[in-house]
Each structure stands twice: as C-alpha cells, then as structure tokens.
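Visitor: Dropping in entry.cif, with mmCIF, C-alpha atoms.
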```cif
data_upload
#
loop_
_atom_site.label_atom_id
_atom_site.label_comp_id
_atom_site.auth_asym_id
_atom_site.auth_seq_id
_atom_site.Cartn_x
_atom_site.Cartn_y
_atom_site.Cartn_z
CA MET A 1 0.00 0.00 0.00
CA LEU A 2 2.70 2.46 1.01
CA ASN A 3 4.69 1.64 -2.14
CA TYR A 4 1.76 2.84 -4.15
CA ILE A 5 1.05 5.95 -2.08
CA TRP A 6 4.71 7.00 -2.03
CA GLY A 7 5.13 6.69 -5.78
CA CYS A 8 1.87 8.53 -6.34
CA MET A 9 2.93 11.42 -4.10
CA ILE A 10 6.14 11.99 -6.02
CA LEU A 11 4.64 11.56 -9.48
CA THR A 12 1.70 13.85 -8.67
CA GLY A 13 4.13 16.44 -7.35
CA ILE A 14 6.27 16.32 -10.47
CA ALA A 15 3.27 16.41 -12.80
CA VAL A 16 1.70 19.37 -11.01
CA ALA A 17 5.07 21.15 -10.90
CA ALA A 18 5.42 20.66 -14.66
CA ALA A 19 1.99 22.20 -15.15
CA THR A 20 2.55 25.15 -12.82
CA GLY A 21 6.19 25.74 -13.74
CA ARG A 22 7.60 25.04 -10.31
CA MET A 23 10.31 22.54 -11.20
CA GLN A 24 13.03 24.62 -9.55
CA ASP A 25 11.03 24.65 -6.28
CA VAL A 26 10.57 20.90 -6.46
CA THR A 27 14.30 20.35 -6.89
CA ASN A 28 15.09 22.53 -3.89
CA ALA A 29 12.34 20.91 -1.82
CA ALA A 30 13.64 17.40 -2.48
CA ILE A 31 17.16 18.25 -1.33
CA GLU A 32 16.03 20.42 1.56
CA SER A 33 13.59 17.76 2.83
CA ALA A 34 16.22 15.04 2.84
CA LYS A 35 18.42 17.28 4.97
CA ASP A 36 15.52 18.15 7.32
CA ALA A 37 14.77 14.46 7.80
CA VAL A 38 18.25 13.79 9.13
CA MET A 39 18.18 16.84 11.43
CA LEU A 40 14.86 15.64 12.78
CA CYS A 41 16.19 12.17 13.51
CA VAL A 42 19.07 13.71 15.45
CA THR A 43 16.56 15.37 17.80
CA MET A 44 14.53 12.17 17.91
CA LEU A 45 17.60 10.13 18.90
CA GLY A 46 17.84 12.03 22.17
CA VAL A 47 14.16 12.16 23.08
CA MET A 48 13.31 8.59 22.11
CA SER A 49 16.38 7.09 23.80
CA MET A 50 15.48 8.91 26.98
CA TRP A 51 11.96 7.48 26.88
CA THR A 52 12.83 3.90 25.93
CA GLY A 53 15.57 3.92 28.59
CA LEU A 54 13.09 4.94 31.25
CA MET A 55 10.56 2.39 30.05
CA ARG A 56 13.18 -0.35 30.24
CA ILE A 57 13.52 0.37 33.96
CA ALA A 58 9.74 0.15 34.34
CA GLU A 59 9.68 -3.14 32.52
CA ARG A 60 12.56 -4.68 34.51
CA ALA A 61 11.00 -3.57 37.79
CA GLY A 62 7.86 -5.47 36.83
CA LEU A 63 5.72 -2.35 36.59
CA VAL A 64 4.27 -3.35 33.23
CA ASP A 65 3.30 -6.82 34.53
CA ILE A 66 1.68 -5.42 37.65
CA MET A 67 -0.31 -2.87 35.67
CA SER A 68 -1.68 -5.49 33.31
CA GLU A 69 -2.58 -7.75 36.24
CA LYS A 70 -4.47 -4.87 37.86
CA MET A 71 -6.24 -4.16 34.62
CA THR A 72 -7.55 -7.66 33.90
CA PRO A 73 -10.65 -7.44 36.19
CA LEU A 74 -11.62 -4.17 34.51
CA LEU A 75 -11.81 -6.01 31.21
CA ASN A 76 -14.58 -8.45 32.19
CA PRO A 77 -17.49 -6.07 31.49
CA LEU A 78 -15.96 -5.17 28.12
CA PHE A 79 -15.49 -8.77 27.08
CA PRO A 80 -18.35 -10.73 28.65
CA ASP A 81 -17.86 -13.62 26.17
CA ILE A 82 -14.33 -14.43 27.37
CA PRO A 83 -14.29 -16.86 30.34
CA ARG A 84 -12.74 -15.31 33.47
CA GLY A 85 -9.08 -16.07 33.85
CA HIS A 86 -8.70 -17.01 30.18
CA LYS A 87 -5.28 -16.31 28.63
CA ALA A 88 -6.84 -13.94 26.09
CA LEU A 89 -7.59 -11.43 28.86
CA LYS A 90 -3.98 -11.38 29.99
CA HIS A 91 -2.72 -10.67 26.46
CA ILE A 92 -5.38 -8.02 25.92
CA SER A 93 -4.41 -6.19 29.10
CA THR A 94 -0.70 -6.38 28.23
CA ASN A 95 -1.51 -4.95 24.82
CA PHE A 96 -3.57 -2.11 26.32
CA ILE A 97 -0.93 -1.24 28.93
CA ALA A 98 1.85 -1.29 26.33
CA ASN A 99 -0.25 0.98 24.11
CA ILE A 100 -0.98 3.33 27.01
CA LEU A 101 2.73 3.62 27.79
CA GLY A 102 3.62 4.05 24.13
CA LEU A 103 5.59 0.79 23.84
CA GLY A 104 4.65 -0.12 20.31
CA TRP A 105 7.16 -2.97 20.09
CA ALA A 106 5.58 -4.64 23.15
CA ALA A 107 2.01 -3.90 22.13
CA THR A 108 1.95 -5.65 18.76
CA PRO A 109 3.19 -9.12 19.85
CA ALA A 110 0.78 -9.14 22.80
CA GLY A 111 -2.04 -8.01 20.54
CA ILE A 112 -1.40 -10.77 18.04
CA LYS A 113 -1.29 -13.35 20.84
CA ALA A 114 -4.59 -11.97 22.09
CA MET A 115 -6.11 -12.41 18.62
CA GLU A 116 -4.86 -16.02 18.49
CA GLU A 117 -6.46 -16.79 21.86
CA LEU A 118 -9.69 -15.08 20.81
CA GLN A 119 -9.69 -17.11 17.61
CA LYS A 120 -9.67 -20.32 19.71
CA LEU A 121 -12.91 -19.15 21.36
CA ASN A 122 -14.41 -18.07 18.06
CA PRO A 123 -17.05 -20.44 16.61
CA ARG A 124 -16.78 -19.06 13.04
CA LYS A 125 -13.13 -18.93 12.04
CA ASP A 126 -13.47 -16.48 9.14
CA THR A 127 -15.66 -13.99 11.01
CA ALA A 128 -14.60 -11.65 13.80
CA SER A 129 -16.21 -12.43 17.16
CA LYS A 130 -17.76 -9.73 19.34
CA SER A 131 -14.72 -9.80 21.60
CA MET A 132 -12.38 -9.39 18.64
CA CYS A 133 -14.34 -6.40 17.34
CA MET A 134 -14.28 -4.76 20.77
CA PHE A 135 -10.58 -5.46 21.25
CA MET A 136 -9.67 -4.06 17.84
CA ILE A 137 -11.87 -0.96 18.23
CA ILE A 138 -10.34 -0.07 21.60
CA ASN A 139 -6.86 -0.81 20.29
CA MET A 140 -7.41 1.50 17.30
CA SER A 141 -9.12 4.25 19.27
CA SER A 142 -5.63 5.31 20.41
CA LEU A 143 -4.69 4.68 24.02
CA GLN A 144 -1.26 6.28 24.29
CA LEU A 145 -0.90 8.71 27.21
CA VAL A 146 2.19 10.60 26.04
CA THR A 147 3.08 10.69 22.37
CA MET A 148 6.80 11.17 22.77
CA ASN A 149 7.51 11.45 19.06
CA ILE A 150 5.08 14.37 18.67
CA LEU A 151 6.90 16.13 21.52
CA ALA A 152 10.21 15.48 19.75
CA TYR A 153 8.89 16.92 16.47
CA ARG A 154 7.54 19.97 18.29
CA SER A 155 10.85 20.70 19.96
CA GLN A 156 12.72 20.19 16.68
CA TYR A 157 10.56 22.97 15.19
CA ASN A 158 11.33 25.28 18.14
CA SER A 159 8.13 25.09 20.13
CA ALA A 160 8.26 27.30 23.23
CA ASN A 161 6.53 24.55 25.22
CA PRO A 162 6.50 21.19 23.41
CA SER A 163 4.63 19.41 26.21
CA GLU A 164 1.66 21.80 26.38
CA ILE A 165 -0.34 19.41 24.20
CA ILE A 166 -0.09 16.41 26.56
CA GLY A 167 -3.13 17.35 28.68
CA PRO A 168 -5.49 18.09 25.80
CA GLY A 169 -4.14 15.06 23.92
CA LEU A 170 -4.99 12.87 26.88
CA ILE A 171 -8.55 14.15 27.03
CA ALA A 172 -9.02 13.70 23.29
CA THR A 173 -7.64 10.14 23.57
CA LEU A 174 -10.08 9.41 26.39
CA ILE A 175 -12.98 10.74 24.33
CA SER A 176 -12.04 8.64 21.30
CA THR A 177 -11.73 5.49 23.43
CA ILE A 178 -15.08 6.07 25.14
CA ALA A 179 -16.70 6.68 21.75
CA GLY A 180 -15.16 3.44 20.47
CA ILE A 181 -16.44 1.41 23.42
CA ALA A 182 -19.90 2.94 23.07
CA VAL A 183 -20.12 2.15 19.35
CA GLY A 184 -18.76 -1.37 19.97
CA LYS A 185 -21.36 -2.08 22.65
CA PHE A 186 -24.13 -0.62 20.50
CA CYS A 187 -23.18 -2.76 17.48
CA GLU A 188 -22.89 -5.87 19.66
CA LYS A 189 -26.56 -5.60 20.55
CA GLY A 190 -27.59 -5.30 16.93
CA ALA A 191 -25.44 -8.22 15.77
CA GLY A 192 -25.77 -11.90 16.56
CA ARG A 193 -22.89 -13.99 17.85
CA MET B 1 -8.80 24.57 32.19
CA ASN B 2 -5.61 25.40 34.07
CA TYR B 3 -5.63 21.87 35.41
CA ILE B 4 -5.22 20.50 31.93
CA MET B 5 -2.21 22.71 31.32
CA ALA B 6 -0.71 21.82 34.71
CA LEU B 7 -1.14 18.14 33.86
CA SER B 8 0.79 18.68 30.62
CA ASN B 9 3.77 20.01 32.54
CA LEU B 10 3.58 17.39 35.27
CA ILE B 11 3.19 14.13 33.48
CA ILE B 12 6.77 13.59 32.29
CA PRO B 13 8.53 14.46 35.58
CA LEU B 14 5.92 12.39 37.39
CA THR B 15 6.51 9.39 35.12
CA PHE B 16 10.24 9.66 35.78
CA ALA B 17 9.74 9.89 39.55
CA VAL B 18 7.34 6.95 39.77
CA ILE B 19 9.40 4.63 37.59
CA ILE B 20 12.69 5.44 39.30
CA LEU B 21 11.26 5.14 42.82
CA TYR B 22 9.62 1.86 41.89
CA GLY B 23 12.86 0.62 40.35
CA TYR B 24 14.71 1.53 43.55
CA ALA B 25 12.19 -0.39 45.64
CA LYS B 26 12.58 -3.44 43.39
CA ASN B 27 16.39 -3.27 43.43
CA VAL B 28 16.69 -2.84 39.67
CA ASP B 29 20.01 -1.57 38.30
CA LEU B 30 18.57 1.77 37.29
CA TYR B 31 21.30 3.29 35.19
CA ASP B 32 22.39 0.06 33.49
CA ASN B 33 18.85 -0.66 32.40
CA PHE B 34 18.32 2.90 31.29
CA ILE B 35 21.38 2.68 29.04
CA GLU B 36 20.27 -0.63 27.64
CA GLY B 37 16.79 0.70 26.84
CA ALA B 38 18.21 3.90 25.40
CA LYS B 39 20.35 1.82 23.03
CA ASP B 40 17.20 0.13 21.78
CA GLY B 41 15.55 3.50 21.28
CA MET B 42 18.52 4.70 19.23
CA GLN B 43 18.33 1.65 17.03
CA THR B 44 14.60 2.27 16.49
CA VAL B 45 15.24 5.84 15.39
CA ILE B 46 18.11 4.84 13.10
CA GLY B 47 15.82 2.14 11.70
CA ILE B 48 13.12 4.66 10.78
CA LEU B 49 15.55 7.27 9.41
CA PRO B 50 15.35 5.96 5.81
CA THR B 51 11.54 5.94 6.03
CA ILE B 52 11.51 9.53 7.25
CA VAL B 53 13.89 10.63 4.50
CA GLY B 54 11.77 8.94 1.84
CA LEU B 55 8.51 10.38 3.05
CA MET B 56 9.72 13.88 3.82
CA VAL B 57 11.16 14.07 0.32
CA ALA B 58 7.86 12.92 -1.19
CA VAL B 59 5.84 15.39 0.88
CA GLY B 60 8.36 18.15 0.15
CA ILE B 61 7.95 17.58 -3.59
CA LEU B 62 4.19 17.44 -3.27
CA ARG B 63 4.04 20.71 -1.38
CA ALA B 64 6.56 22.62 -3.52
CA SER B 65 4.61 21.64 -6.63
CA GLY B 66 1.48 23.31 -5.27
CA ALA B 67 -0.51 20.06 -5.46
CA LEU B 68 -1.51 20.19 -1.78
CA ASP B 69 -2.76 23.77 -2.21
CA ILE B 70 -4.86 22.70 -5.17
CA PHE B 71 -6.33 19.84 -3.17
CA SER B 72 -7.04 22.13 -0.20
CA GLY B 73 -8.73 24.59 -2.57
CA ILE B 74 -11.03 21.90 -3.92
CA ILE B 75 -12.26 20.75 -0.53
CA SER B 76 -12.31 24.17 1.16
CA PRO B 77 -16.08 24.78 0.71
CA LEU B 78 -16.76 21.62 2.70
CA THR B 79 -14.17 22.16 5.43
CA SER B 80 -15.05 25.82 6.02
CA ARG B 81 -18.66 24.79 6.61
CA LEU B 82 -17.47 22.32 9.28
CA GLY B 83 -14.98 24.80 10.73
CA TYR B 84 -12.16 22.39 9.98
CA PRO B 85 -8.66 23.68 9.20
CA ASN B 86 -8.44 23.15 5.48
CA GLU B 87 -4.76 22.31 5.23
CA ALA B 88 -5.03 19.66 7.93
CA VAL B 89 -7.24 17.51 5.69
CA PRO B 90 -4.49 15.63 3.79
CA LEU B 91 -2.78 14.91 7.12
CA THR B 92 -6.03 13.70 8.70
CA LEU B 93 -6.71 11.27 5.87
CA MET B 94 -3.13 10.02 5.73
CA ARG B 95 -3.06 9.51 9.50
CA LEU B 96 -5.56 6.67 9.21
CA VAL B 97 -3.44 4.89 6.59
CA SER B 98 0.21 5.25 7.50
CA SER B 99 1.91 6.68 10.53
CA SER B 100 5.19 7.48 8.78
CA ALA B 101 3.56 9.12 5.76
CA SER B 102 1.42 11.27 8.07
CA THR B 103 4.57 12.25 9.97
CA GLY B 104 5.90 13.76 6.75
CA LEU B 105 2.76 15.87 6.36
CA LEU B 106 2.76 16.82 10.05
CA LEU B 107 6.31 18.14 9.87
CA ASP B 108 5.41 20.05 6.76
CA LEU B 109 2.66 21.88 8.68
CA PHE B 110 5.05 22.55 11.60
CA LYS B 111 7.50 24.05 9.15
CA LYS B 112 4.88 26.25 7.50
CA TYR B 113 2.90 27.42 10.55
CA GLY B 114 5.15 26.61 13.53
CA PRO B 115 4.22 24.14 16.29
CA ASP B 116 2.84 26.91 18.53
CA SER B 117 0.29 28.20 16.01
CA PHE B 118 -3.37 27.18 16.08
CA MET B 119 -2.69 24.75 13.26
CA GLY B 120 0.43 23.38 14.95
CA ARG B 121 -1.33 22.75 18.24
CA PHE B 122 -4.41 21.29 16.64
CA VAL B 123 -2.47 18.77 14.55
CA SER B 124 -0.26 17.85 17.54
CA ILE B 125 -3.33 16.98 19.63
CA MET B 126 -5.06 15.30 16.72
CA MET B 127 -2.03 13.09 16.02
CA SER B 128 -1.96 12.05 19.70
CA CYS B 129 -5.52 10.71 19.73
CA THR B 130 -5.74 8.93 16.37
CA GLU B 131 -4.36 5.64 15.10
CA THR B 132 -3.41 4.03 11.80
CA VAL B 133 -6.71 2.19 11.52
CA PHE B 134 -6.25 0.49 8.16
CA TYR B 135 -2.73 -0.75 8.83
CA THR B 136 -3.49 -2.06 12.33
CA MET B 137 -6.64 -3.81 11.19
CA SER B 138 -4.91 -5.65 8.38
CA VAL B 139 -2.00 -6.80 10.58
CA TYR B 140 -4.18 -8.11 13.40
CA PHE B 141 -6.93 -9.73 11.40
CA MET B 142 -4.54 -11.23 8.87
CA SER B 143 -2.59 -12.87 11.68
CA VAL B 144 -5.61 -15.07 12.45
CA LYS B 145 -6.99 -15.23 8.88
CA ILE B 146 -10.23 -13.39 9.57
CA THR B 147 -11.82 -11.91 6.49
CA LYS B 148 -15.22 -10.77 7.80
CA THR B 149 -14.46 -7.95 10.20
CA ARG B 150 -18.10 -6.90 10.80
CA TYR B 151 -18.44 -3.53 12.57
CA THR B 152 -14.77 -3.18 13.54
CA LEU B 153 -13.97 -0.57 10.89
CA THR B 154 -17.09 1.47 11.59
CA GLY B 155 -16.36 1.48 15.31
CA ALA B 156 -12.70 2.40 14.86
CA LEU B 157 -13.49 5.18 12.41
CA ILE B 158 -16.16 6.67 14.67
CA ALA B 159 -13.72 6.56 17.60
CA ASN B 160 -11.09 8.37 15.53
CA VAL B 161 -13.55 10.97 14.24
CA ALA B 162 -14.64 11.62 17.84
CA GLY B 163 -10.98 12.15 18.76
CA ILE B 164 -10.43 14.52 15.85
CA ALA B 165 -13.53 16.56 16.73
CA ALA B 166 -12.45 16.69 20.38
CA SER B 167 -8.99 17.93 19.33
CA LEU B 168 -10.52 20.78 17.37
CA VAL B 169 -12.80 21.80 20.24
CA LEU B 170 -10.00 21.52 22.82
CA THR B 171 -7.60 23.59 20.72
CA ASN B 172 -10.23 26.30 20.39
CA ILE B 173 -10.96 26.33 24.13
CA LEU B 174 -7.42 26.01 25.50
CA PHE B 175 -5.49 28.07 23.00
CA PRO B 176 -7.82 30.84 21.85
CA SER B 177 -6.16 32.69 19.01
#
```
For this file, write the structure as structure tokens.
Guide:
Amino acid sequence: MLNYIWGCMILTGIAVAAATGRMQDVTNAAIESAKDAVMLCVTMLGVMSMWTGLMRIAERAGLVDIMSEKMTPLLNPLFPDIPRGHKALKHISTNFIANILGLGWAATPAGIKAMEELQKLNPRKDTASKSMCMFMIINMSSLQLVTMNILAYRSQYNSANPSEIIGPGLIATLISTIAGIAVGKFCEKGAGR
Amino acid sequence: MNYIMALSNLIIPLTFAVIILYGYAKNVDLYDNFIEGAKDGMQTVIGILPTIVGLMVAVGILRASGALDIFSGIISPLTSRLGYPNEAVPLTLMRLVSSSASTGLLLDLFKKYGPDSFMGRFVSIMMSCTETVFYTMSVYFMSVKITKTRYTLTGALIANVAGIAASLVLTNILFPS
C-alpha cells in the first residue's frame, strides 16, 4: 500500500510542478527535505532514547506486569464472552498497557497473541467475534498517554513549550476510546454472535 | 482549564519519579537498564531514518509543486462549513493509513505554521488521539486469517472521528487565538 502511495505522491508532485512551472522549487524541496529528515532524527535520537531507557527500567522492575494484572478485572465487562481467567484477557491487558505507555514494540506481539487466543474461542473462524471487534476498536481508538515522538517533532521545530499538548491530547484520547467502546457495545446488541 | 495545562507540565517528571522510585524499591540496576533501553531507542530511530527521509522528500515535492494547495482549494467549501482547518485535511486522511507518511505531512505543517500556532497545536493533539486504523486492522486480522471484520472498521473510524472533533474543540478552548 505504502509503495503505491509513495510513488503517487512523487509523481503527482512532479506532474503538477510541470503544469505550474515550479520545477526549480521541487528540486530545492527534495534536497532540503532530505536534509531536514536527518536533522529531525538527530533530535529524535535524544528524546526517544530517553523514553525507551526509562521504560526499560519500568519493565525490569515489573511495573508493566503489575499494571496489566491490575487491569484484567476491569476487562470483564468489556469482554463478557471471554471466560474469566482465560489467557486472552492477559494478552489483551498487556496490549492495552503497552499501548498506554507508548511501547509499540511490546504492544503488537501481545495483541497478536490476544487475537490467536480469541480465535480459539471463536465459533466461526473467518468472522470476527464480538470480543475481537471490541478489542480491535479499543486498540485502534488510540490509548497512548504521552506521544513522545510528537513532543520530539515539536521541539525540533522550536516550540516554546512542546509538552503543552499532553493534557489536551490525553482528554481527546479518552474521548475517542469512550466513543469506540460505546459504538462497539451498541453494534454488539444489533449483531448476533 | 488550568488543570489540563498543569497536567501537561507534570506528566513527564511524574513518570520519571514513579518509575525510578519503583525501580529503587525493586532493586533494579537503574542506570544500566536505562542505558540498555536507550540503546534500543537509538536503534529504532536509526531504523526509521530511511523511512523519514523517503517520506519527507515525497511530501516536500508534493508541497513545492502546489498540489496540496490545489487539493485544499477543492475541498475548502466543505471544510469551512465544518470549521475544519483546510490544510489539515491531507494529514487527517493520511493519518488513518500510514503513521510514517502522516509524519511527513505533520512536519510540513510545523515548518509552515510553527508548532505553537493554532494549526500546529491542533495537529499535535489530533495526532496524539488517532491511530493508523487500516494498517493495524490488516496486521491483526490477517494474523488469524479473519476476512469478515463486521463492525470493527465502523467502530474504529467513529472513535477516531470523535478524537479529531475533540482535538478541534479543545484547541479552540485552550489556545484561543
């Protein structure tokens, strides 16, 4: 998909530039952008290393495990079809916690394990179960508390206060997750098993 | 509203404090683990560097050609009726498809308007509460060979639209221009 989009972006740009006579601008933009990309990654190196370093401590101290254990009981009302204590719930809570903390690399493996466990409970193997739909909707409603990369981009472009968007971002994330849960629950009622 | 701003300034120091205190209590080698994790983070960034170069170049070409302006012009009657920042539309659409491609567009808006402008703040908040719906869905469902996804897409899209609308409202309330 991205192969197609990427090629399209460049070809559209060149075609439009040919039509509007902006070839010189396009040449400059291509070179300038490549340089900007490297400068940006230099800023990112610092910010992201700081964050992943901190998160490694949290992981080693068992903080991630404890948080997902604490979360599991909260999941029962969201996933009434999963038997209590089933492995799927553990993977789902690990996935949610990793997403909340912004640990993408930990979230995806746990999420895929959760899907595999949910598939075992699923009577129709080609159709998503209610629990799968709910899990995916919450997962895609964005759960991350602090989007460290956005803060890094903001500071690279000289924001006076890069972190001023954390609070509003958190509220917006909460709203999107609540909306997702509400729609999921509503659709569950309308659909069969 | 001041609480929200105070929270913004508190959350990172607080995260540091909690994690380090907890690490102390659990007798974890704090600094060694920090270094090890930081190494991983560096590798991640170096890993995405080629992607960022590729996409920023593509977006740079697209913008310099004037194609984005033409697109914004076409949809402006619709967005102005909704009160939606016109030039954020390509970013909003791309956000749902690819996180790295949307990063290219995001940085482009930061460059043009600055991160502390209305546009800059709005897109920062919007990017924090949305997700690459199409990519995530295909990875997860493909891993267990599910083809009928029922209301998953509808639910995820509504959740993301709610987040986008909330970002716009919050930016207007918290950062009146």
Visitor: Quick one: which residues from chain A are at most 6 Å off chain B, using all atoms listed in the file, as a ChimeraX atom specification?
Guide: /A:9-10,13,16-17,22,25-26,29-30,33-34,37,45,48-50,52-54,56-58,61,126-128,133,137,140-142,147,154,159,163-167,169,172-173,176,179-180,183-184
Visitor: Using all atoms listed in the file, can you list as JSON, numbers by chain the residues within 12 Å of (-4.8, -12.2, 28.4)?
Guide: {"A": [65, 68, 69, 70, 71, 72, 73, 75, 76, 79, 82, 83, 84, 85, 86, 87, 88, 89, 90, 91, 92, 93, 94, 95, 96, 97, 110, 111, 112, 113, 114, 115, 116, 117, 118, 135]}
Visitor: Can those selected residues be exported to a file as a PDB file, keeping the file's coordinate frame so that it contains C-alpha atoms?
Guide:
```pdb
ATOM      1  CA  ASP A  65       3.300  -6.820  34.530  1.00  0.00           C
ATOM      2  CA  SER A  68      -1.680  -5.490  33.310  1.00  0.00           C
ATOM      3  CA  GLU A  69      -2.580  -7.750  36.240  1.00  0.00           C
ATOM      4  CA  LYS A  70      -4.470  -4.870  37.860  1.00  0.00           C
ATOM      5  CA  MET A  71      -6.240  -4.160  34.620  1.00  0.00           C
ATOM      6  CA  THR A  72      -7.550  -7.660  33.900  1.00  0.00           C
ATOM      7  CA  PRO A  73     -10.650  -7.440  36.190  1.00  0.00           C
ATOM      8  CA  LEU A  75     -11.810  -6.010  31.210  1.00  0.00           C
ATOM      9  CA  ASN A  76     -14.580  -8.450  32.190  1.00  0.00           C
ATOM     10  CA  PHE A  79     -15.490  -8.770  27.080  1.00  0.00           C
ATOM     11  CA  ILE A  82     -14.330 -14.430  27.370  1.00  0.00           C
ATOM     12  CA  PRO A  83     -14.290 -16.860  30.340  1.00  0.00           C
ATOM     13  CA  ARG A  84     -12.740 -15.310  33.470  1.00  0.00           C
ATOM     14  CA  GLY A  85      -9.080 -16.070  33.850  1.00  0.00           C
ATOM     15  CA  HIS A  86      -8.700 -17.010  30.180  1.00  0.00           C
ATOM     16  CA  LYS A  87      -5.280 -16.310  28.630  1.00  0.00           C
ATOM     17  CA  ALA A  88      -6.840 -13.940  26.090  1.00  0.00           C
ATOM     18  CA  LEU A  89      -7.590 -11.430  28.860  1.00  0.00           C
ATOM     19  CA  LYS A  90      -3.980 -11.380  29.990  1.00  0.00           C
ATOM     20  CA  HIS A  91      -2.720 -10.670  26.460  1.00  0.00           C
ATOM     21  CA  ILE A  92      -5.380  -8.020  25.920  1.00  0.00           C
ATOM     22  CA  SER A  93      -4.410  -6.190  29.100  1.00  0.00           C
ATOM     23  CA  THR A  94      -0.700  -6.380  28.230  1.00  0.00           C
ATOM     24  CA  ASN A  95      -1.510  -4.950  24.820  1.00  0.00           C
ATOM     25  CA  PHE A  96      -3.570  -2.110  26.320  1.00  0.00           C
ATOM     26  CA  ILE A  97      -0.930  -1.240  28.930  1.00  0.00           C
ATOM     27  CA  ALA A 110       0.780  -9.140  22.800  1.00  0.00           C
ATOM     28  CA  GLY A 111      -2.040  -8.010  20.540  1.00  0.00           C
ATOM     29  CA  ILE A 112      -1.400 -10.770  18.040  1.00  0.00           C
ATOM     30  CA  LYS A 113      -1.290 -13.350  20.840  1.00  0.00           C
ATOM     31  CA  ALA A 114      -4.590 -11.970  22.090  1.00  0.00           C
ATOM     32  CA  MET A 115      -6.110 -12.410  18.620  1.00  0.00           C
ATOM     33  CA  GLU A 116      -4.860 -16.020  18.490  1.00  0.00           C
ATOM     34  CA  GLU A 117      -6.460 -16.790  21.860  1.00  0.00           C
ATOM     35  CA  LEU A 118      -9.690 -15.080  20.810  1.00  0.00           C
ATOM     36  CA  PHE A 135     -10.580  -5.460  21.250  1.00  0.00           C
TER      37      PHE A 135
END
```
Visitor: Nearest residue to A:Leu78 out of A:Val47, A:Leu145, A:Ile175, A:Met132, using all atoms listed in the file?
Guide: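 Residue with the minimum atom-to-atom distance to A:Leu78: A:Met132.
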Visitor: To one decimal place, how far is atom CA of A:Ala18 from atom CA of B:Ser76 in Å?
Guide: 24.0 Å
Visitor: One decimal, in Å: what's the spacing between atom CA of B:Pro176 and atom CA of B:Ser99?
Guide: 28.4 Å
Visitor: As an exercise, work out the distance from atom CA of B:Ser72 to atom CA of B:Glu87 in Å and give it to one decimal place.
Guide: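 Here the two named atoms are 5.9 Å from each other.
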Visitor: Name the residues captured by the PyMOL selection byres ((chain A and resi 43) around 10) when it is applied to the shown file; answer as a list in words.
Guide: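 Applied to this file, the PyMOL selection byres ((chain A and resi 43) around 10) returns Val38, Met39, Leu40, Cys41, Val42, Met44, Leu45, Gly46, Val47, Met48, Asn149, Ala152, Tyr153, Ser155 and Gln156 of chain A; Val45 of chain B.
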Visitor: Taking all atoms of stretch 131-145 of chain B that the file lists, what box with edges along x, y and z, padded by 4 Å per side, do you get, with centre and edge lengths in Å to one decimal, as AutoDock Vina command-line options?
Guide:
```
--center_x -4.5 --center_y -4.8 --center_z 11.6 --size_x 13.0 --size_y 28.9 --size_z 14.9
```
